Each structure stands twice: as C-alpha cells, then as structure tokens.
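Next up, target.cif (mmCIF, C-alpha atoms and all ligand atoms):
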data_start
loop_
_atom_site.label_atom_id
_atom_site.label_comp_id
_atom_site.auth_asym_id
_atom_site.auth_seq_id
_atom_site.Cartn_x
_atom_site.Cartn_y
_atom_site.Cartn_z
CA MET A 1 93.90 92.06 104.90
CA ILE A 2 94.11 91.97 101.12
CA VAL A 3 90.83 92.89 99.41
CA ASN A 4 90.16 90.50 96.55
CA ALA A 5 90.15 93.06 93.76
CA ASP A 6 92.41 93.90 90.86
CA VAL A 7 92.94 97.54 90.08
CA VAL A 8 94.99 98.57 87.09
CA VAL A 9 96.24 102.13 87.30
CA LEU A 10 97.18 103.57 83.94
CA GLY A 11 99.86 106.24 84.28
CA ALA A 12 102.84 106.70 86.59
CA GLY A 13 102.80 110.47 86.90
CA VAL A 14 101.90 112.09 90.19
CA SER A 15 98.20 111.26 89.67
CA GLY A 16 98.70 107.57 88.90
CA LEU A 17 101.31 106.93 91.61
CA THR A 18 99.27 108.70 94.30
CA CYS A 19 96.09 106.80 93.36
CA ALA A 20 98.03 103.54 93.33
CA ILE A 21 99.37 104.24 96.84
CA ARG A 22 95.92 105.07 98.19
CA LEU A 23 94.45 101.91 96.66
CA ALA A 24 97.33 99.61 97.63
CA GLU A 25 97.41 100.94 101.18
CA ALA A 26 93.65 100.30 101.38
CA GLY A 27 94.38 96.67 100.60
CA PHE A 28 93.67 96.43 96.87
CA ARG A 29 95.93 94.42 94.60
CA VAL A 30 97.23 97.07 92.27
CA THR A 31 99.33 97.16 89.14
CA VAL A 32 100.61 100.34 87.47
CA HIS A 33 101.33 100.71 83.75
CA SER A 34 103.14 103.66 82.20
CA ALA A 35 103.80 104.12 78.52
CA ASP A 36 106.77 106.38 79.27
CA PRO A 37 109.82 106.30 81.54
CA PRO A 38 109.80 108.88 84.41
CA ALA A 39 111.97 111.53 82.69
CA ARG A 40 109.51 111.72 79.74
CA ILE A 41 106.39 112.50 81.73
CA THR A 42 104.94 115.88 82.69
CA SER A 43 105.06 115.25 86.44
CA TYR A 44 108.86 115.07 86.26
CA ALA A 45 108.98 118.59 84.78
CA ALA A 46 106.76 120.31 87.38
CA GLY A 47 108.19 123.12 89.57
CA ALA A 48 106.43 122.36 91.92
CA ILE A 49 104.66 124.70 94.29
CA TRP A 50 101.36 123.97 96.04
CA GLY A 51 98.58 126.12 94.54
CA CYS A 52 95.79 125.90 91.95
CA TYR A 53 96.83 127.13 88.48
CA LEU A 54 95.29 126.56 85.04
CA VAL A 55 92.70 124.13 86.39
CA ALA A 56 88.94 124.22 86.95
CA HIS A 57 86.68 122.12 89.17
CA ASP A 58 84.16 123.13 91.84
CA ARG A 59 85.85 120.74 94.31
CA GLY A 60 89.39 121.83 93.40
CA VAL A 61 89.98 123.89 96.54
CA ASP A 62 88.83 121.02 98.81
CA TRP A 63 91.09 118.57 97.01
CA SER A 64 94.03 120.94 97.20
CA LEU A 65 93.50 121.40 100.95
CA ARG A 66 93.41 117.63 101.43
CA SER A 67 96.76 117.38 99.63
CA LEU A 68 98.13 120.24 101.72
CA GLU A 69 97.51 118.28 104.95
CA ILE A 70 99.57 115.42 103.54
CA PHE A 71 102.35 117.60 102.15
CA ARG A 72 102.71 119.31 105.57
CA ASP A 73 103.24 115.90 107.07
CA LEU A 74 105.70 114.82 104.34
CA ALA A 75 107.66 118.06 104.83
CA ARG A 76 108.95 116.65 108.15
CA GLU A 77 111.37 114.54 106.11
CA PRO A 78 112.42 116.74 103.16
CA ALA A 79 115.51 114.71 102.28
CA VAL A 80 113.36 111.59 101.79
CA THR A 81 110.19 113.09 100.31
CA GLY A 82 111.45 116.23 98.53
CA VAL A 83 108.70 118.28 100.23
CA ARG A 84 109.63 121.49 102.07
CA MET A 85 107.44 124.14 103.70
CA THR A 86 108.89 127.33 102.20
CA SER A 87 108.16 131.06 102.51
CA GLY A 88 108.11 133.39 99.57
CA VAL A 89 106.26 136.02 97.64
CA VAL A 90 103.75 136.26 94.79
CA ALA A 91 103.98 139.65 93.11
CA SER A 92 102.56 141.62 90.19
CA ARG A 93 103.78 144.39 87.91
CA GLY A 94 102.13 147.78 87.29
CA ASP A 95 98.40 148.06 87.97
CA LEU A 96 97.79 144.33 88.06
CA LYS A 97 96.92 143.13 91.59
CA ALA A 98 98.39 139.84 92.78
CA ASP A 99 95.69 137.46 94.06
CA HIS A 100 95.62 136.62 97.75
CA PRO A 101 97.22 133.15 98.02
CA GLY A 102 93.88 131.78 99.28
CA PRO A 103 92.87 129.25 101.92
CA GLY A 104 95.58 126.95 103.19
CA ALA A 105 98.56 129.27 102.73
CA GLU A 106 100.32 130.05 106.02
CA ASP A 107 101.63 133.36 107.41
CA VAL A 108 99.94 135.42 104.68
CA GLN A 109 100.91 139.11 104.76
CA PRO A 110 100.66 141.86 102.15
CA VAL A 111 103.95 143.26 100.85
CA THR A 112 104.18 146.68 102.48
CA SER A 113 107.35 147.94 100.83
CA THR A 114 108.10 147.63 97.11
CA ALA A 115 111.79 147.86 98.04
CA THR A 116 111.56 144.15 98.90
CA LEU A 117 110.29 143.34 95.35
CA PRO A 118 112.19 143.06 92.05
CA PRO A 119 112.21 146.14 89.78
CA GLY A 120 108.85 146.81 88.12
CA PHE A 121 106.84 144.84 90.67
CA THR A 122 104.37 146.95 92.64
CA ASN A 123 102.40 144.69 94.98
CA GLY A 124 102.22 141.18 96.36
CA TRP A 125 101.79 138.79 99.25
CA TRP A 126 104.21 136.91 101.46
CA TYR A 127 103.09 133.40 102.41
CA ARG A 128 104.28 129.88 103.18
CA VAL A 129 103.32 126.68 101.31
CA PRO A 130 104.93 123.35 100.36
CA LEU A 131 107.46 123.23 97.51
CA ILE A 132 107.91 119.78 96.05
CA ASP A 133 111.11 118.59 94.34
CA MET A 134 109.51 116.27 91.80
CA VAL A 135 112.50 114.07 91.05
CA VAL A 136 112.87 113.23 94.74
CA TYR A 137 109.10 113.11 95.29
CA LEU A 138 108.35 110.72 92.40
CA ALA A 139 111.13 108.44 93.65
CA TYR A 140 109.59 108.61 97.16
CA LEU A 141 106.12 107.67 95.80
CA THR A 142 107.60 104.82 93.76
CA ALA A 143 109.48 103.49 96.81
CA ARG A 144 106.31 103.71 98.95
CA LEU A 145 104.47 101.67 96.31
CA ASP A 146 107.34 99.23 96.22
CA ASP A 147 106.84 98.73 99.97
CA CYS A 148 103.31 97.61 99.10
CA GLY A 149 104.67 95.13 96.59
CA VAL A 150 103.54 97.22 93.60
CA ARG A 151 105.97 97.63 90.69
CA VAL A 152 105.54 100.14 87.88
CA GLN A 153 105.55 98.46 84.46
CA VAL A 154 106.93 100.76 81.79
CA GLY A 155 106.30 100.43 78.05
CA GLY A 156 103.39 99.97 75.66
CA ARG A 157 100.59 102.43 74.92
CA VAL A 158 97.13 101.21 75.87
CA THR A 159 94.42 101.71 73.23
CA PRO A 160 90.77 102.73 73.75
CA GLU A 161 89.69 99.14 73.00
CA GLN A 162 92.07 97.73 75.63
CA LEU A 163 91.24 100.26 78.37
CA PRO A 164 88.00 98.71 79.75
CA ARG A 165 89.50 95.20 79.54
CA LEU A 166 92.61 95.93 81.58
CA GLY A 167 91.20 94.87 84.96
CA THR A 168 88.22 94.59 87.31
CA THR A 169 88.74 98.28 88.03
CA VAL A 170 90.79 100.58 85.82
CA VAL A 171 92.01 104.01 86.95
CA ASN A 172 92.85 106.23 84.01
CA CYS A 173 95.58 108.76 84.92
CA THR A 174 97.00 109.37 81.45
CA GLY A 175 97.43 113.14 81.75
CA VAL A 176 97.72 115.06 78.51
CA ASP A 177 97.54 111.82 76.48
CA ALA A 178 94.08 110.95 77.83
CA GLY A 179 92.66 111.65 74.37
CA ASP A 180 94.52 108.54 73.15
CA VAL A 181 92.42 106.27 75.40
CA VAL A 182 89.24 108.39 75.44
CA PRO A 183 88.97 109.45 71.79
CA GLY A 184 87.47 112.89 71.28
CA ASP A 185 88.16 114.08 74.81
CA PRO A 186 89.04 117.80 74.77
CA VAL A 187 92.23 117.50 76.87
CA ARG A 188 95.03 119.63 75.35
CA PRO A 189 98.62 120.56 76.21
CA ILE A 190 99.83 123.79 77.76
CA ARG A 191 103.55 123.36 77.33
CA GLY A 192 105.82 124.50 80.16
CA ASP A 193 109.63 124.86 80.25
CA LEU A 194 111.65 124.70 83.43
CA LEU A 195 115.37 125.18 84.04
CA VAL A 196 117.33 123.56 86.85
CA VAL A 197 120.36 125.47 88.23
CA GLY A 198 122.61 125.14 91.27
CA ASN A 199 121.41 127.10 94.31
CA PRO A 200 123.55 130.21 94.95
CA GLY A 201 121.95 130.68 98.41
CA ILE A 202 118.23 131.28 97.74
CA ASP A 203 115.85 130.08 100.46
CA THR A 204 112.60 131.91 99.61
CA PHE A 205 110.49 131.46 96.50
CA PHE A 206 109.35 134.11 94.03
CA VAL A 207 106.27 133.71 91.81
CA GLU A 208 104.96 136.26 89.34
CA HIS A 209 101.20 136.76 89.18
CA ASP A 210 100.53 137.91 85.62
CA ASP A 211 97.63 138.36 83.23
CA ASP A 212 98.29 135.16 81.22
CA ARG A 213 98.60 137.23 78.05
CA ASP A 214 102.03 136.30 76.72
CA GLY A 215 103.63 132.90 76.88
CA LEU A 216 106.07 133.70 79.69
CA THR A 217 105.93 134.14 83.43
CA THR A 218 108.56 134.17 86.17
CA TYR A 219 109.15 131.86 89.11
CA VAL A 220 112.13 130.91 91.24
CA LEU A 221 111.64 127.82 93.43
CA PRO A 222 114.50 126.72 95.71
CA HIS A 223 114.82 122.99 96.51
CA GLY A 224 117.87 122.51 98.72
CA ASP A 225 120.98 122.68 96.53
CA ARG A 226 118.97 123.24 93.30
CA VAL A 227 116.65 126.00 92.09
CA MET A 228 113.85 125.53 89.52
CA LEU A 229 113.40 128.48 87.20
CA GLY A 230 110.34 129.16 85.11
CA GLY A 231 108.48 129.57 83.18
CA SER A 232 106.42 129.35 80.06
CA ARG A 233 102.95 128.32 78.97
CA THR A 234 102.22 127.66 75.30
CA ASP A 235 98.66 126.57 74.69
CA GLY A 236 98.28 123.74 72.18
CA ASP A 237 102.02 123.03 71.76
CA TRP A 238 102.68 119.25 71.73
CA SER A 239 106.46 119.56 71.36
CA ARG A 240 108.67 118.33 74.20
CA GLN A 241 111.80 119.60 72.48
CA PRO A 242 113.78 122.05 74.67
CA ASP A 243 114.03 125.49 73.04
CA PRO A 244 117.34 127.33 73.77
CA GLU A 245 115.80 130.73 73.02
CA ARG A 246 113.01 130.08 75.49
CA ALA A 247 115.61 128.98 78.06
CA GLU A 248 117.51 132.24 77.60
CA GLN A 249 114.30 134.29 78.12
CA ILE A 250 113.44 132.38 81.29
CA LEU A 251 116.94 132.78 82.69
CA GLN A 252 116.97 136.51 81.96
CA ARG A 253 113.61 137.10 83.67
CA CYS A 254 114.65 135.08 86.71
CA VAL A 255 117.96 136.96 87.05
CA GLU A 256 115.98 140.22 86.97
CA ALA A 257 113.79 138.89 89.77
CA GLU A 258 116.68 137.37 91.75
CA PRO A 259 120.13 138.86 90.98
CA LEU A 260 121.82 136.05 92.94
CA LEU A 261 121.08 133.89 89.87
CA ALA A 262 123.42 135.90 87.61
CA GLY A 263 125.92 133.51 86.04
CA ALA A 264 123.98 130.41 87.12
CA ARG A 265 124.85 127.32 85.08
CA VAL A 266 121.85 125.48 83.65
CA LEU A 267 122.02 121.83 84.74
CA ASP A 268 118.83 120.68 83.06
CA HIS A 269 116.08 121.99 80.79
CA ARG A 270 112.80 120.14 81.37
CA VAL A 271 109.69 120.39 79.22
CA GLY A 272 106.26 119.18 80.29
CA LEU A 273 102.77 119.30 78.80
CA ARG A 274 100.21 120.44 81.36
CA PRO A 275 97.01 118.46 80.75
CA ALA A 276 94.48 121.27 80.29
CA ARG A 277 90.74 120.70 80.10
CA LYS A 278 87.69 122.90 80.49
CA ARG A 279 87.00 120.92 83.67
CA LEU A 280 89.21 118.44 85.52
CA ARG A 281 87.74 114.95 85.08
CA VAL A 282 87.48 112.74 88.17
CA GLU A 283 84.55 110.39 87.68
CA ALA A 284 83.46 106.91 86.64
CA ASP A 285 83.08 106.40 82.91
CA GLY A 286 79.47 106.60 81.69
CA ARG A 287 79.74 103.52 79.46
CA HIS A 288 82.19 101.46 81.52
CA PRO A 289 81.52 102.25 85.21
CA HIS A 290 84.52 100.15 86.33
CA VAL A 291 86.79 102.67 84.56
CA ILE A 292 87.55 105.66 86.82
CA HIS A 293 88.99 108.71 85.08
CA ASN A 294 91.42 111.09 86.81
CA TYR A 295 92.97 113.52 84.33
CA GLY A 296 92.96 117.14 83.17
CA HIS A 297 94.77 118.65 86.19
CA GLY A 298 96.33 121.51 84.19
CA GLY A 299 99.01 123.31 86.19
CA ALA A 300 97.91 121.84 89.52
CA GLY A 301 98.29 118.08 89.30
CA VAL A 302 100.72 117.92 92.20
CA THR A 303 98.55 120.26 94.30
CA LEU A 304 95.42 118.18 93.71
CA SER A 305 97.02 114.72 93.76
CA TRP A 306 96.04 113.47 97.24
CA GLY A 307 92.55 114.97 97.16
CA CYS A 308 91.85 113.39 93.77
CA ALA A 309 93.33 110.07 94.89
CA ASP A 310 90.93 110.04 97.86
CA GLU A 311 88.08 110.63 95.44
CA VAL A 312 89.28 107.79 93.22
CA LEU A 313 89.44 105.53 96.28
CA ALA A 314 85.87 106.48 97.17
CA LEU A 315 84.74 105.87 93.59
CA THR A 316 86.26 102.40 93.55
CA GLY A 317 84.12 101.53 96.53
CA ALA A 318 87.01 101.34 98.98
CA ALA A 319 85.95 104.22 101.20
CA ALA A 320 83.94 101.89 103.40
CA ARG A 321 86.88 99.58 103.99
CA THR A 322 89.50 99.90 106.67
CA THR A 323 92.48 101.87 105.44
CA ARG A 324 95.86 100.60 106.46
CA ARG A 325 99.51 101.30 105.72
CA CYS A 326 101.40 98.37 104.19
C1 LIG B 401 106.76 123.41 83.77
C2 LIG B 401 105.63 122.89 84.63
C3 LIG B 401 105.47 123.35 85.92
C4 LIG B 401 104.43 122.87 86.72
N1 LIG B 401 104.34 123.34 88.00
C5 LIG B 401 103.37 122.84 88.81
C6 LIG B 401 103.28 123.30 90.16
O1 LIG B 401 104.04 124.16 90.59
N2 LIG B 401 102.32 122.75 90.96
C7 LIG B 401 101.44 121.80 90.50
O2 LIG B 401 100.59 121.34 91.28
N3 LIG B 401 101.50 121.35 89.22
C8 LIG B 401 102.43 121.87 88.37
N4 LIG B 401 102.48 121.47 87.06
C9 LIG B 401 101.41 120.61 86.53
C10 LIG B 401 101.64 119.14 86.83
O3 LIG B 401 102.94 118.78 86.44
C11 LIG B 401 100.60 118.28 86.08
O4 LIG B 401 99.29 118.71 86.36
C12 LIG B 401 100.75 116.82 86.54
O5 LIG B 401 102.08 116.42 86.41
C13 LIG B 401 99.86 115.88 85.76
O6 LIG B 401 100.17 114.61 86.26
P1 LIG B 401 99.49 113.30 85.69
O7 LIG B 401 99.97 112.18 86.54
O8 LIG B 401 98.02 113.51 85.60
O9 LIG B 401 100.05 113.17 84.19
P2 LIG B 401 101.53 112.82 83.70
O10 LIG B 401 102.55 113.23 84.65
O11 LIG B 401 101.61 113.37 82.31
O12 LIG B 401 101.53 111.23 83.61
C14 LIG B 401 100.78 110.56 82.62
C15 LIG B 401 101.12 109.08 82.65
O13 LIG B 401 100.24 108.39 81.79
C16 LIG B 401 101.00 107.52 80.94
N5 LIG B 401 100.24 107.30 79.71
C17 LIG B 401 99.70 108.24 78.89
N6 LIG B 401 99.03 107.63 77.88
C18 LIG B 401 99.16 106.29 78.07
C19 LIG B 401 98.71 105.14 77.36
N7 LIG B 401 97.93 105.24 76.25
N8 LIG B 401 99.04 103.92 77.84
C20 LIG B 401 99.80 103.80 78.95
N9 LIG B 401 100.24 104.86 79.67
C21 LIG B 401 99.93 106.08 79.23
C22 LIG B 401 102.30 108.28 80.74
O14 LIG B 401 103.32 107.42 80.26
C23 LIG B 401 102.54 108.77 82.16
O15 LIG B 401 103.07 107.72 82.96
C24 LIG B 401 103.52 121.91 86.22
C25 LIG B 401 103.69 121.44 84.92
C26 LIG B 401 104.72 121.92 84.12
C27 LIG B 401 104.87 121.37 82.73
#
Have the structure of the file written as structure tokens, please.
Amino acid sequence: MIVNADVVVLGAGVSGLTCAIRLAEAGFRVTVHSADPPARITSYAAGAIWGCYLVAHDRGVDWSLRSLEIFRDLAREPAVTGVRMTSGVVASRGDLKADHPGPGAEDVQPVTSTATLPPGFTNGWWYRVPLIDMVVYLAYLTARLDDCGVRVQVGGRVTPEQLPRLGTTVVNCTGVDAGDVVPGDPVRPIRGDLLVVGNPGIDTFFVEHDDDRDGLTTYVLPHGDRVMLGGSRTDGDWSRQPDPERAEQILQRCVEAEPLLAGARVLDHRVGLRPARKRLRVEADGRHPHVIHNYGHGGAGVTLSWGCADEVLALTGAAARTTRRC
C-alpha cells in the first residue's frame, strides 16, 4: 500500500537517509535532496562507534538504545552493512576516571590490570558495541532506499524561503548547515579529523575518555581491513581542509596507544563538522508544522539515527499506519 503523501527529506547524511528509509518503508512517497555529494558530508567522516558523545537531549539514551537494537541486527551481515559488534576498551589517564559505558553496552567489565592499557592510562572498562564503517554503511542505506524506488538527488542548496514549500511534509536533516535553512539557529561545528590506514591485525577498539580540554583525543577503530584513527574536536571551526600537522599528531597518539600501528600508511584523511547544539532538535517547526526538524546530533548522529528516525516517523503521523518493508 502506498500512502498518498509526499515527503521531501532534506539531507543525505545518516539522519536524512535513515529517516527516508523509515518513511519509504512505511509507504510514503519520499524524495531525498542533498546539497553535497557523499564524500563532502560529515556522516562520511564519522568513526563510527555506537555511544553518545557531544550531544544533549533527555530522550537521547532511549533513541540510542533503539538504534542499538537495529545495529545488532545489521551486524549479522557486516560485509553488506559495514556494522560489526566489536569488543574494546575505553580508558583514562592519571586521576581522571573513565565513565562506565552505560546501558546497552555488552560484556562490561572494569580493567583490572593497567598492564593491558597503553602507557599513561590508569583505568578503564572493557565492553562490546557496534562499530560502523560509514562508507559501507551509507552505501547500504542508499541501496536500501533504492529498493524502495527512492533516489537521492544531489546538488542545489535549499533556502529558508524554499524549505516550507518543498513538499506536503518536509524533513529537515541538514546537519551543521541547518542554520542556512533555519536562520539564527545556534547550530555550530565541532570539527573532527579522522585518518584511514590499513589494518595491521587489530581486532579490538581503543577509545580515550578525556576531559575535553584540549582539541585532541585518541581512538582506534578497526573495520575489517581498515582502521579509523582519531581524533580531534575544534569548536567553531568551519574548515574542511585536512591539516597535515593535525594528522601527524593523531597518528603519533594512536601509535602510542597501539604500537601495531607504527609505520602505518595513511590512505585517507577525512574531515567532518559535528553539528553541535545546546539541545538536539527533533520536533515539528512552530511556524510551519509540516516541517519536521532533525538536526544537532553532535558526535552521536550515527548512534541516534534510528531512534530519531522513528520519532520523525511518529511526528509525520505515520506511526498509526502499518509498517512494511518494500
Ligand atoms: C571525525 C568524526 C567522528 C565521528 N564519530 C562518530 C561516532 O563514532 N559515532 C557517532 O554516532 N557519531 C559520530 N560522529 C558524528 C556524526 O558523524 C554526525 O552526528 C552525523 O554524521 C550527522 O549526520 P547528519 O545526517 O545529521 O548530517 P550530515 O552528515 O552533515 O548531512 C547533512 C546533509 O544535509 C545536506 N544539506 C545541508 N544544507 C543543505 C541545504 N541548504 N540544502 C540541501 N541540502 C543541504 C548536506 O548536503 C548533507 O547531505 C563523528 C563525526 C566526526 C566529524
């Protein structure tokens, strides 16, 4: 059954594609517009590990747990989806205590011997969560949409005047550029750099829990034959230009954490702008109730994607309809 409704989803990052899938699979006629090609958007640059980071919303944990259910299911076919359930450690230096990984993480255990941690690290937690290879995952989402007959149209930046006129329902998933279509919105970038290297045999992840004080952190995320190395966070930096000095710092920190990475050749340097906001915005617009906003996911847009997409589906009035796969 095709519901007689037109939904225009603005944005083809993880938020837009996931919403479009939810809506299309519920029977809506959907179109997706993206100003930028995949390699230019933040979702392409994400690490990505499941977990809430640099994001605030009182329903964030619930939405992340909803996504977790789906990622566990997708992890049954890692070659197709890019999702893998992976064990690893979050650890802290000195007196700083690493946070418990929280609800949803599997096999959580405190680190009992610092001998298993990199030099300088004093405490941490072992746990298991999904890692998501974003290049494979975005291709999987796009193919799943394609199966529903939905193509992503790339090119052209929508203006604030055009936004409410785009369709019967409009879903705004414009990430860090949301201020271009909602003038005055306080969304801002927290730039992140990520390096891609060949995998020298790493099968567990490492994430540093730090105090957010300087612009660098450390993470090592294995995805099959590649490893994603991070990372950085520069508040307010709109530049997407790779910085070789920053790359060198990231590589050095990651080699300290995982000596197997010594001599690793950098295959790619990705830069993304995390869409930061005082509070994630998932709601209908006050002035134009047919416009549903879904942006401001900070460093957790992948983690929250399915939970937020369910909320968008509910907001568009589809929750009462029968959901089906195409
Ligand atoms: C280095 C790095 C590591 C990260 N690691 C993780 C992680 O481990 N786990 C996690 O959950 N998250 C992580 N994130 C955060 C995550 O990447 C973001 O929260 C998420 O990608 C935001 O997705 P989005 O779809 O909302 O926005 P985007 O991916 O930025 O997509 C926005 C879309 O809107 C389109 N658009 C914008 N303006 C317009 C316009 N005016 N007209 C038409 N189209 C427009 C763009 O072209 C694009 O298609 C990381 C981010 C970075 C940078």
> Residues at most 6 Å from ligand LIG 401 (chain B), using only C-alpha atoms and all ligand atoms? Could they come as number ranges by chain?
Replying inline: A: 10-16, 33-36, 41-43, 45-50, 157-159, 173-178, 180-181, 191-194, 272-274, 295, 297-303
>> Under the rule that only C-alpha atoms are counted, which of A:Pro37, A:Gln241, A:Ile190, A:Val282 is the nearest residue to Ser305 in chain A?
In response: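 For Ser305 in chain A, the nearest of the candidates is A:Val282.
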>> Please return as a list in words every residue within 12 Å of (107.8, 103.5, 95.5), taking into account all atoms listed in the file and the file's own coordinates.
In response: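 Checked against the point, the hits come out as Ala12, Val14, Gly16, Leu17, Thr18, Ala20, Ile21, Ala24, Val32, Val80, Thr81, Val136, Tyr137, Leu138, Ala139, Tyr140, Leu141, Thr142, Ala143, Arg144, Leu145, Asp146, Asp147, Cys148, Gly149, Val150, Arg151, Val152 and Cys326 of chain A.
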Polymer residues at most 7 Å from Ser92 in chain A, all atoms listed in the file, same-chain spacing of 6 or more positions, as a compact mmCIF listing (two decimals) with C-alpha atoms, in the frame of the given file:
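File produced: selection.txt:
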# COMPACT_ATOMS: atom_id res chain seq x y z
CA ALA A 98 98.39 139.84 92.78
CA PHE A 121 106.84 144.84 90.67
CA THR A 122 104.37 146.95 92.64
CA ASN A 123 102.40 144.69 94.98
CA GLY A 124 102.22 141.18 96.36
CA GLU A 208 104.96 136.26 89.34
CA HIS A 209 101.20 136.76 89.18
CA ASP A 210 100.53 137.91 85.62
> What does the distance from CA of Gly104 in chain A to CA of Met228 in chain A come to in Å, to one decimal?
Replying inline: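 The value is 22.9 Å.
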Tell me, as a JSON list (two decimals) with C-alpha atoms, in the coordinates of the input, which residues lie within 9 Å of Thr86 in chain A, counting only C-alpha atoms; anything in the same chain fewer than 3 positions away does not count.
[["chain", "number", "residue", "atom", "x", "y", "z"],
["A", 127, "TYR", "CA", 103.09, 133.40, 102.41],
["A", 128, "ARG", "CA", 104.28, 129.88, 103.18],
["A", 129, "VAL", "CA", 103.32, 126.68, 101.31],
["A", 130, "PRO", "CA", 104.93, 123.35, 100.36],
["A", 131, "LEU", "CA", 107.46, 123.23, 97.51],
["A", 203, "ASP", "CA", 115.85, 130.08, 100.46],
["A", 204, "THR", "CA", 112.60, 131.91, 99.61],
["A", 205, "PHE", "CA", 110.49, 131.46, 96.50],
["A", 222, "PRO", "CA", 114.50, 126.72, 95.71]]
>> One number please: CA of Asp211 in chain A to CA of Arg281 in chain A, in Å, one decimal.
In response: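 Calculated distance between CA of Asp211 in chain A and CA of Arg281 in chain A is 25.5 Å.
For the pair CA of Arg213 in chain A and CA of Gly60 in chain A, the separation is 23.6 Å.
When all atoms listed in the file are used to compute distances to Leu260 in chain A, the closest of the residues A:Asn294, A:Ser232, A:Ser113, A:Asn199 turns out to be A:Asn199.
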